[in-house]
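Visitor: Sharing input_28.cif here; it has mmCIF, N, CA and C atoms.
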data_coords
loop_
_atom_site.label_atom_id
_atom_site.label_comp_id
_atom_site.auth_asym_id
_atom_site.auth_seq_id
_atom_site.Cartn_x
_atom_site.Cartn_y
_atom_site.Cartn_z
N MET G 1 17.97 0.85 2.79
CA MET G 1 16.53 0.93 2.65
C MET G 1 16.12 2.33 2.26
N SER G 2 15.08 2.43 1.56
CA SER G 2 14.65 3.70 0.99
C SER G 2 13.98 4.61 2.02
N GLU G 3 14.38 5.85 2.01
CA GLU G 3 13.76 6.84 2.90
C GLU G 3 12.30 7.04 2.53
N SER G 4 11.96 6.88 1.25
CA SER G 4 10.56 7.05 0.85
C SER G 4 9.68 5.94 1.45
N ILE G 5 10.23 4.73 1.58
CA ILE G 5 9.48 3.65 2.23
C ILE G 5 9.22 4.02 3.69
N LYS G 6 10.26 4.49 4.37
CA LYS G 6 10.11 4.89 5.77
C LYS G 6 9.07 6.00 5.91
N GLN G 7 9.11 6.98 5.01
CA GLN G 7 8.17 8.09 5.10
C GLN G 7 6.74 7.63 4.87
N THR G 8 6.55 6.71 3.95
CA THR G 8 5.22 6.15 3.70
C THR G 8 4.70 5.43 4.95
N ILE G 9 5.57 4.67 5.59
CA ILE G 9 5.20 3.95 6.81
C ILE G 9 4.91 4.93 7.94
N ARG G 10 5.77 5.92 8.12
CA ARG G 10 5.54 6.93 9.16
C ARG G 10 4.18 7.61 8.96
N SER G 11 3.88 8.00 7.73
CA SER G 11 2.62 8.69 7.44
C SER G 11 1.43 7.80 7.79
N PHE G 12 1.51 6.51 7.44
CA PHE G 12 0.43 5.58 7.77
C PHE G 12 0.24 5.48 9.28
N ILE G 13 1.33 5.36 10.02
CA ILE G 13 1.24 5.23 11.47
C ILE G 13 0.65 6.50 12.09
N VAL G 14 1.12 7.65 11.65
CA VAL G 14 0.61 8.92 12.19
C VAL G 14 -0.89 9.05 11.92
N GLU G 15 -1.32 8.78 10.71
CA GLU G 15 -2.73 8.95 10.36
C GLU G 15 -3.65 7.92 10.99
N ASN G 16 -3.20 6.68 11.09
CA ASN G 16 -4.08 5.60 11.52
C ASN G 16 -4.00 5.24 13.00
N PHE G 17 -2.86 5.49 13.62
CA PHE G 17 -2.71 5.11 15.02
C PHE G 17 -2.50 6.30 15.95
N LEU G 18 -2.00 7.40 15.43
CA LEU G 18 -1.74 8.58 16.25
C LEU G 18 -2.69 9.73 15.94
N PHE G 19 -3.63 9.48 15.03
CA PHE G 19 -4.67 10.45 14.68
C PHE G 19 -4.12 11.82 14.32
N GLY G 20 -3.03 11.79 13.53
CA GLY G 20 -2.45 13.02 13.03
C GLY G 20 -1.43 13.69 13.94
N ASP G 21 -1.17 13.14 15.11
CA ASP G 21 -0.25 13.74 16.07
C ASP G 21 1.19 13.30 15.78
N GLU G 22 1.86 14.02 14.89
CA GLU G 22 3.23 13.66 14.51
C GLU G 22 4.19 13.72 15.69
N ALA G 23 3.90 14.55 16.67
CA ALA G 23 4.78 14.68 17.83
C ALA G 23 4.83 13.39 18.65
N ALA G 24 3.80 12.57 18.55
CA ALA G 24 3.75 11.31 19.30
C ALA G 24 4.46 10.16 18.59
N LEU G 25 4.92 10.39 17.37
CA LEU G 25 5.59 9.33 16.60
C LEU G 25 6.93 9.01 17.25
N PRO G 26 7.16 7.75 17.60
CA PRO G 26 8.44 7.38 18.21
C PRO G 26 9.56 7.39 17.17
N GLY G 27 10.79 7.30 17.63
CA GLY G 27 11.94 7.21 16.74
C GLY G 27 11.86 5.95 15.89
N ASP G 28 12.60 5.94 14.80
CA ASP G 28 12.53 4.82 13.87
C ASP G 28 12.95 3.49 14.47
N ALA G 29 13.76 3.51 15.52
CA ALA G 29 14.25 2.27 16.13
C ALA G 29 13.48 1.91 17.41
N GLU G 30 12.48 2.69 17.76
CA GLU G 30 11.71 2.44 18.98
C GLU G 30 10.53 1.51 18.70
N SER G 31 10.24 0.65 19.68
CA SER G 31 9.17 -0.34 19.55
C SER G 31 7.79 0.32 19.47
N LEU G 32 7.05 -0.03 18.43
CA LEU G 32 5.68 0.45 18.29
C LEU G 32 4.74 -0.35 19.20
N ILE G 33 5.08 -1.60 19.45
CA ILE G 33 4.25 -2.46 20.29
C ILE G 33 4.45 -2.11 21.76
N ALA G 34 5.69 -2.11 22.21
CA ALA G 34 5.98 -1.79 23.62
C ALA G 34 5.56 -0.36 23.96
N GLY G 35 5.63 0.52 22.97
CA GLY G 35 5.24 1.91 23.18
C GLY G 35 3.74 2.12 23.16
N GLY G 36 2.97 1.06 22.91
CA GLY G 36 1.52 1.16 22.91
C GLY G 36 0.95 1.83 21.68
N ILE G 37 1.75 2.00 20.65
CA ILE G 37 1.26 2.64 19.42
C ILE G 37 0.36 1.67 18.65
N ILE G 38 0.80 0.41 18.51
CA ILE G 38 -0.02 -0.58 17.83
C ILE G 38 -0.21 -1.80 18.73
N ASP G 39 -1.35 -2.45 18.58
CA ASP G 39 -1.66 -3.69 19.30
C ASP G 39 -1.86 -4.79 18.27
N SER G 40 -2.40 -5.92 18.68
CA SER G 40 -2.55 -7.03 17.75
C SER G 40 -3.45 -6.69 16.57
N THR G 41 -4.50 -5.94 16.82
CA THR G 41 -5.37 -5.51 15.72
C THR G 41 -4.63 -4.53 14.82
N GLY G 42 -3.84 -3.66 15.42
CA GLY G 42 -3.05 -2.71 14.66
C GLY G 42 -2.04 -3.39 13.76
N VAL G 43 -1.48 -4.50 14.24
CA VAL G 43 -0.54 -5.26 13.41
C VAL G 43 -1.24 -5.75 12.15
N LEU G 44 -2.47 -6.22 12.31
CA LEU G 44 -3.22 -6.70 11.14
C LEU G 44 -3.53 -5.55 10.17
N GLU G 45 -3.84 -4.38 10.71
CA GLU G 45 -4.05 -3.21 9.86
C GLU G 45 -2.77 -2.85 9.12
N LEU G 46 -1.65 -2.93 9.83
CA LEU G 46 -0.35 -2.63 9.23
C LEU G 46 -0.03 -3.61 8.11
N VAL G 47 -0.30 -4.89 8.34
CA VAL G 47 -0.07 -5.91 7.31
C VAL G 47 -0.92 -5.63 6.07
N ALA G 48 -2.19 -5.31 6.26
CA ALA G 48 -3.07 -5.00 5.13
C ALA G 48 -2.54 -3.79 4.36
N PHE G 49 -2.08 -2.78 5.08
CA PHE G 49 -1.50 -1.60 4.45
C PHE G 49 -0.27 -1.96 3.62
N ILE G 50 0.63 -2.75 4.20
CA ILE G 50 1.85 -3.15 3.50
C ILE G 50 1.50 -3.89 2.21
N GLU G 51 0.57 -4.83 2.31
CA GLU G 51 0.19 -5.61 1.13
C GLU G 51 -0.39 -4.73 0.03
N GLU G 52 -1.24 -3.81 0.42
CA GLU G 52 -1.87 -2.93 -0.57
C GLU G 52 -0.90 -1.90 -1.14
N GLN G 53 -0.13 -1.29 -0.26
CA GLN G 53 0.75 -0.20 -0.67
C GLN G 53 1.97 -0.68 -1.45
N PHE G 54 2.52 -1.83 -1.05
CA PHE G 54 3.79 -2.25 -1.63
C PHE G 54 3.68 -3.46 -2.55
N GLY G 55 2.47 -4.02 -2.69
CA GLY G 55 2.22 -5.00 -3.73
C GLY G 55 2.76 -6.40 -3.53
N PHE G 56 2.86 -6.85 -2.30
CA PHE G 56 3.23 -8.24 -2.06
C PHE G 56 2.44 -8.76 -0.86
N THR G 57 2.34 -10.08 -0.76
CA THR G 57 1.61 -10.71 0.32
C THR G 57 2.55 -10.99 1.48
N VAL G 58 2.13 -10.59 2.68
CA VAL G 58 2.90 -10.86 3.89
C VAL G 58 2.54 -12.26 4.36
N ALA G 59 3.52 -13.14 4.42
CA ALA G 59 3.29 -14.51 4.88
C ALA G 59 2.96 -14.50 6.36
N ASP G 60 2.09 -15.42 6.77
CA ASP G 60 1.74 -15.52 8.19
C ASP G 60 2.99 -15.67 9.06
N SER G 61 3.95 -16.43 8.58
CA SER G 61 5.18 -16.66 9.35
C SER G 61 6.04 -15.39 9.48
N ASP G 62 5.75 -14.37 8.67
CA ASP G 62 6.49 -13.11 8.73
C ASP G 62 5.87 -12.09 9.68
N ILE G 63 4.70 -12.41 10.23
CA ILE G 63 4.03 -11.48 11.13
C ILE G 63 4.59 -11.69 12.53
N VAL G 64 5.80 -11.17 12.72
CA VAL G 64 6.53 -11.28 13.98
C VAL G 64 7.15 -9.93 14.31
N PRO G 65 7.43 -9.68 15.59
CA PRO G 65 8.03 -8.39 15.97
C PRO G 65 9.33 -8.06 15.24
N ALA G 66 10.11 -9.07 14.90
CA ALA G 66 11.37 -8.81 14.21
C ALA G 66 11.14 -8.07 12.88
N ASN G 67 9.97 -8.25 12.28
CA ASN G 67 9.65 -7.59 11.01
C ASN G 67 8.76 -6.36 11.17
N LEU G 68 8.00 -6.28 12.25
CA LEU G 68 6.92 -5.28 12.31
C LEU G 68 6.90 -4.43 13.58
N ASP G 69 7.96 -4.45 14.40
CA ASP G 69 7.91 -3.75 15.68
C ASP G 69 8.44 -2.32 15.65
N THR G 70 9.30 -2.01 14.70
CA THR G 70 9.84 -0.65 14.60
C THR G 70 9.70 -0.17 13.15
N ILE G 71 9.78 1.12 12.97
CA ILE G 71 9.72 1.67 11.61
C ILE G 71 10.92 1.15 10.81
N ASP G 72 12.10 1.08 11.44
CA ASP G 72 13.27 0.54 10.75
C ASP G 72 13.04 -0.90 10.30
N ALA G 73 12.49 -1.72 11.20
CA ALA G 73 12.25 -3.14 10.88
C ALA G 73 11.22 -3.28 9.76
N ILE G 74 10.15 -2.49 9.83
CA ILE G 74 9.12 -2.55 8.80
C ILE G 74 9.70 -2.14 7.44
N ALA G 75 10.45 -1.05 7.43
CA ALA G 75 11.03 -0.57 6.17
C ALA G 75 12.01 -1.59 5.60
N GLY G 76 12.80 -2.22 6.44
CA GLY G 76 13.72 -3.26 5.98
C GLY G 76 12.98 -4.45 5.40
N TYR G 77 11.94 -4.87 6.11
CA TYR G 77 11.13 -6.00 5.65
C TYR G 77 10.47 -5.67 4.31
N VAL G 78 9.88 -4.49 4.21
CA VAL G 78 9.23 -4.08 2.96
C VAL G 78 10.26 -4.00 1.84
N GLY G 79 11.41 -3.41 2.11
CA GLY G 79 12.44 -3.28 1.08
C GLY G 79 12.88 -4.64 0.54
N ARG G 80 13.10 -5.59 1.42
CA ARG G 80 13.52 -6.94 1.00
C ARG G 80 12.43 -7.62 0.17
N ASN G 81 11.20 -7.54 0.62
CA ASN G 81 10.11 -8.28 -0.03
C ASN G 81 9.56 -7.59 -1.26
N ALA G 82 9.53 -6.28 -1.28
CA ALA G 82 9.06 -5.57 -2.47
C ALA G 82 10.04 -5.79 -3.62
N SER G 83 11.33 -5.83 -3.31
CA SER G 83 12.34 -6.08 -4.35
C SER G 83 12.18 -7.50 -4.89
N ALA G 84 11.96 -8.46 -4.02
CA ALA G 84 11.79 -9.85 -4.44
C ALA G 84 10.53 -9.99 -5.28
N ALA G 85 9.46 -9.31 -4.89
CA ALA G 85 8.20 -9.39 -5.63
C ALA G 85 8.35 -8.77 -7.02
N ALA G 86 9.11 -7.69 -7.10
CA ALA G 86 9.31 -7.02 -8.39
C ALA G 86 10.17 -7.87 -9.32
N ALA G 87 11.10 -8.63 -8.74
CA ALA G 87 11.98 -9.48 -9.54
C ALA G 87 11.28 -10.74 -10.05
N ALA G 88 10.21 -11.13 -9.36
CA ALA G 88 9.52 -12.37 -9.74
C ALA G 88 8.63 -12.20 -10.93
#
Output the structure of this file as structure tokens.
Guide:
Amino acid sequence: MSESIKQTIRSFIVENFLFGDEAALPGDAESLIAGGIIDSTGVLELVAFIEEQFGFTVADSDIVPANLDTIDAIAGYVGRNASAAAAA
């Protein structure tokens, strides 16, 4: 997965959920939900960001912690789907 995708996601999380406090950003494999960084409304904001930034639609069935709970999971999900969208 691309480091630039991860950096884009990290920047979004810092600006929108941590109000610029980079020190509060958890590790890439740490849960954003369990850590209280994002809640259900935050997940919807994250989905809107992914759709706008990476140019594909997130299916309702894909809005699950396995895809959206850690920076690693989000980057992997985006990498798989952005590639598929570009190939279509």
Visitor: Which residues come within 6.5 Å of range 5-13 of chain G, counting all atoms listed in the file, excluding same-chain residues fewer than 4 positions away, as a list in words?
Guide: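 Contacts, in chain order: Met1, Phe17, Leu18, Phe19, Ile71 and Ala75 of chain G.
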Visitor: Report the distance between atom N of Ala29 in chain G and atom N of Asp69 in chain G in Å, rounded to one decimal place.
Guide: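 Answer for the atom N of Ala29 in chain G to atom N of Asp69 in chain G separation: 9.9 Å.
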Visitor: For the alpha helix (DSSP H) assignment from backbone DSSP, which residues of chain G qualify? Please present them as an NGL selection string.
Guide: :G and (3-17 or 40-54 or 65-68 or 71-87)
Visitor: With N, CA and C atoms retained, export the selected residues as a compact mmCIF listing (two decimals), keeping the file's coordinate frame.
Guide:
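What landed in out12.txt:
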# COMPACT_ATOMS: atom_id res chain seq x y z
N GLU G 3 14.38 5.85 2.01
CA GLU G 3 13.76 6.84 2.90
C GLU G 3 12.30 7.04 2.53
N SER G 4 11.96 6.88 1.25
CA SER G 4 10.56 7.05 0.85
C SER G 4 9.68 5.94 1.45
N ILE G 5 10.23 4.73 1.58
CA ILE G 5 9.48 3.65 2.23
C ILE G 5 9.22 4.02 3.69
N LYS G 6 10.26 4.49 4.37
CA LYS G 6 10.11 4.89 5.77
C LYS G 6 9.07 6.00 5.91
N GLN G 7 9.11 6.98 5.01
CA GLN G 7 8.17 8.09 5.10
C GLN G 7 6.74 7.63 4.87
N THR G 8 6.55 6.71 3.95
CA THR G 8 5.22 6.15 3.70
C THR G 8 4.70 5.43 4.95
N ILE G 9 5.57 4.67 5.59
CA ILE G 9 5.20 3.95 6.81
C ILE G 9 4.91 4.93 7.94
N ARG G 10 5.77 5.92 8.12
CA ARG G 10 5.54 6.93 9.16
C ARG G 10 4.18 7.61 8.96
N SER G 11 3.88 8.00 7.73
CA SER G 11 2.62 8.69 7.44
C SER G 11 1.43 7.80 7.79
N PHE G 12 1.51 6.51 7.44
CA PHE G 12 0.43 5.58 7.77
C PHE G 12 0.24 5.48 9.28
N ILE G 13 1.33 5.36 10.02
CA ILE G 13 1.24 5.23 11.47
C ILE G 13 0.65 6.50 12.09
N VAL G 14 1.12 7.65 11.65
CA VAL G 14 0.61 8.92 12.19
C VAL G 14 -0.89 9.05 11.92
N GLU G 15 -1.32 8.78 10.71
CA GLU G 15 -2.73 8.95 10.36
C GLU G 15 -3.65 7.92 10.99
N ASN G 16 -3.20 6.68 11.09
CA ASN G 16 -4.08 5.60 11.52
C ASN G 16 -4.00 5.24 13.00
N PHE G 17 -2.86 5.49 13.62
CA PHE G 17 -2.71 5.11 15.02
C PHE G 17 -2.50 6.30 15.95
N SER G 40 -2.40 -5.92 18.68
CA SER G 40 -2.55 -7.03 17.75
C SER G 40 -3.45 -6.69 16.57
N THR G 41 -4.50 -5.94 16.82
CA THR G 41 -5.37 -5.51 15.72
C THR G 41 -4.63 -4.53 14.82
N GLY G 42 -3.84 -3.66 15.42
CA GLY G 42 -3.05 -2.71 14.66
C GLY G 42 -2.04 -3.39 13.76
N VAL G 43 -1.48 -4.50 14.24
CA VAL G 43 -0.54 -5.26 13.41
C VAL G 43 -1.24 -5.75 12.15
N LEU G 44 -2.47 -6.22 12.31
CA LEU G 44 -3.22 -6.70 11.14
C LEU G 44 -3.53 -5.55 10.17
N GLU G 45 -3.84 -4.38 10.71
CA GLU G 45 -4.05 -3.21 9.86
C GLU G 45 -2.77 -2.85 9.12
N LEU G 46 -1.65 -2.93 9.83
CA LEU G 46 -0.35 -2.63 9.23
C LEU G 46 -0.03 -3.61 8.11
N VAL G 47 -0.30 -4.89 8.34
CA VAL G 47 -0.07 -5.91 7.31
C VAL G 47 -0.92 -5.63 6.07
N ALA G 48 -2.19 -5.31 6.26
CA ALA G 48 -3.07 -5.00 5.13
C ALA G 48 -2.54 -3.79 4.36
N PHE G 49 -2.08 -2.78 5.08
CA PHE G 49 -1.50 -1.60 4.45
C PHE G 49 -0.27 -1.96 3.62
N ILE G 50 0.63 -2.75 4.20
CA ILE G 50 1.85 -3.15 3.50
C ILE G 50 1.50 -3.89 2.21
N GLU G 51 0.57 -4.83 2.31
CA GLU G 51 0.19 -5.61 1.13
C GLU G 51 -0.39 -4.73 0.03
N GLU G 52 -1.24 -3.81 0.42
CA GLU G 52 -1.87 -2.93 -0.57
C GLU G 52 -0.90 -1.90 -1.14
N GLN G 53 -0.13 -1.29 -0.26
CA GLN G 53 0.75 -0.20 -0.67
C GLN G 53 1.97 -0.68 -1.45
N PHE G 54 2.52 -1.83 -1.05
CA PHE G 54 3.79 -2.25 -1.63
C PHE G 54 3.68 -3.46 -2.55
N PRO G 65 7.43 -9.68 15.59
CA PRO G 65 8.03 -8.39 15.97
C PRO G 65 9.33 -8.06 15.24
N ALA G 66 10.11 -9.07 14.90
CA ALA G 66 11.37 -8.81 14.21
C ALA G 66 11.14 -8.07 12.88
N ASN G 67 9.97 -8.25 12.28
CA ASN G 67 9.65 -7.59 11.01
C ASN G 67 8.76 -6.36 11.17
N LEU G 68 8.00 -6.28 12.25
CA LEU G 68 6.92 -5.28 12.31
C LEU G 68 6.90 -4.43 13.58
N ILE G 71 9.78 1.12 12.97
CA ILE G 71 9.72 1.67 11.61
C ILE G 71 10.92 1.15 10.81
N ASP G 72 12.10 1.08 11.44
CA ASP G 72 13.27 0.54 10.75
C ASP G 72 13.04 -0.90 10.30
N ALA G 73 12.49 -1.72 11.20
CA ALA G 73 12.25 -3.14 10.88
C ALA G 73 11.22 -3.28 9.76
N ILE G 74 10.15 -2.49 9.83
CA ILE G 74 9.12 -2.55 8.80
C ILE G 74 9.70 -2.14 7.44
N ALA G 75 10.45 -1.05 7.43
CA ALA G 75 11.03 -0.57 6.17
C ALA G 75 12.01 -1.59 5.60
N GLY G 76 12.80 -2.22 6.44
CA GLY G 76 13.72 -3.26 5.98
C GLY G 76 12.98 -4.45 5.40
N TYR G 77 11.94 -4.87 6.11
CA TYR G 77 11.13 -6.00 5.65
C TYR G 77 10.47 -5.67 4.31
N VAL G 78 9.88 -4.49 4.21
CA VAL G 78 9.23 -4.08 2.96
C VAL G 78 10.26 -4.00 1.84
N GLY G 79 11.41 -3.41 2.11
CA GLY G 79 12.44 -3.28 1.08
C GLY G 79 12.88 -4.64 0.54
N ARG G 80 13.10 -5.59 1.42
CA ARG G 80 13.52 -6.94 1.00
C ARG G 80 12.43 -7.62 0.17
N ASN G 81 11.20 -7.54 0.62
CA ASN G 81 10.11 -8.28 -0.03
C ASN G 81 9.56 -7.59 -1.26
N ALA G 82 9.53 -6.28 -1.28
CA ALA G 82 9.06 -5.57 -2.47
C ALA G 82 10.04 -5.79 -3.62
N SER G 83 11.33 -5.83 -3.31
CA SER G 83 12.34 -6.08 -4.35
C SER G 83 12.18 -7.50 -4.89
N ALA G 84 11.96 -8.46 -4.02
CA ALA G 84 11.79 -9.85 -4.44
C ALA G 84 10.53 -9.99 -5.28
N ALA G 85 9.46 -9.31 -4.89
CA ALA G 85 8.20 -9.39 -5.63
C ALA G 85 8.35 -8.77 -7.02
N ALA G 86 9.11 -7.69 -7.10
CA ALA G 86 9.31 -7.02 -8.39
C ALA G 86 10.17 -7.87 -9.32
N ALA G 87 11.10 -8.63 -8.74
CA ALA G 87 11.98 -9.48 -9.54
C ALA G 87 11.28 -10.74 -10.05
Visitor: Do you know which residues the PyMOL selection byres (((chain G and resi 59 and name CA) around 12) and name CA) returns on this file, as an MDAnalysis selection string?
Guide: chainID G and resid 44 47:48 50:51 56:58 60:64 67 77 81
Visitor: Have a look at atom N of Ala73 in chain G and atom N of Val43 in chain G and let me know their distance in Å, one decimal.
Guide: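 Separation between atom N of Ala73 in chain G and atom N of Val43 in chain G: 14.6 Å.
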Visitor: Give me the residues within 8 Å of Gly27 in chain G as a PDB file with N, CA and C atoms, keeping the file's coordinate frame, counting all atoms listed in the file and dropping any in the same chain fewer than 4 places off.
Guide:
ATOM      1  N   SER G  31      10.240   0.650  19.680  1.00  0.00           N
ATOM      2  CA  SER G  31       9.170  -0.340  19.550  1.00  0.00           C
ATOM      3  C   SER G  31       7.790   0.320  19.470  1.00  0.00           C
ATOM      4  N   THR G  70       9.300  -2.010  14.700  1.00  0.00           N
ATOM      5  CA  THR G  70       9.840  -0.650  14.600  1.00  0.00           C
ATOM      6  C   THR G  70       9.700  -0.170  13.150  1.00  0.00           C
ATOM      7  N   ILE G  71       9.780   1.120  12.970  1.00  0.00           N
ATOM      8  CA  ILE G  71       9.720   1.670  11.610  1.00  0.00           C
ATOM      9  C   ILE G  71      10.920   1.150  10.810  1.00  0.00           C
ATOM     10  N   ASP G  72      12.100   1.080  11.440  1.00  0.00           N
ATOM     11  CA  ASP G  72      13.270   0.540  10.750  1.00  0.00           C
ATOM     12  C   ASP G  72      13.040  -0.900  10.300  1.00  0.00           C
TER      13      ASP G  72
END
Visitor: Figure out the distance between CA of Ile38 in chain G and CA of Ala23 in chain G, please, to one decimal in Å.
Guide: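 These two atoms are separated by 16.0 Å.
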Visitor: Please determine, counting only C-alpha atoms, which residue among G:Ile74, G:Gly42, G:Phe49, G:Glu3 has the shortest atom-to-atom distance to Glu30 in chain G.
Guide: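 For Glu30 in chain G, the nearest of the candidates is G:Ile74.
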Visitor: What lies within 9 Å of Val14 in chain G using only C-alpha atoms, ignoring chain neighbours under 6 positions off, as an mmCIF file with N, CA and C atoms, in the frame of the given file?
Guide:
data_model
loop_
_atom_site.group_PDB
_atom_site.id
_atom_site.type_symbol
_atom_site.label_atom_id
_atom_site.label_comp_id
_atom_site.auth_asym_id
_atom_site.auth_seq_id
_atom_site.Cartn_x
_atom_site.Cartn_y
_atom_site.Cartn_z
ATOM 1 N N GLY G 20 -3.030 11.790 13.530
ATOM 2 C CA GLY G 20 -2.450 13.020 13.030
ATOM 3 C C GLY G 20 -1.430 13.690 13.940
ATOM 4 N N ASP G 21 -1.170 13.140 15.110
ATOM 5 C CA ASP G 21 -0.250 13.740 16.070
ATOM 6 C C ASP G 21 1.190 13.300 15.780
ATOM 7 N N GLU G 22 1.860 14.020 14.890
ATOM 8 C CA GLU G 22 3.230 13.660 14.510
ATOM 9 C C GLU G 22 4.190 13.720 15.690
ATOM 10 N N ALA G 24 3.800 12.570 18.550
ATOM 11 C CA ALA G 24 3.750 11.310 19.300
ATOM 12 C C ALA G 24 4.460 10.160 18.590
ATOM 13 N N LEU G 25 4.920 10.390 17.370
ATOM 14 C CA LEU G 25 5.590 9.330 16.600
ATOM 15 C C LEU G 25 6.930 9.010 17.250
#
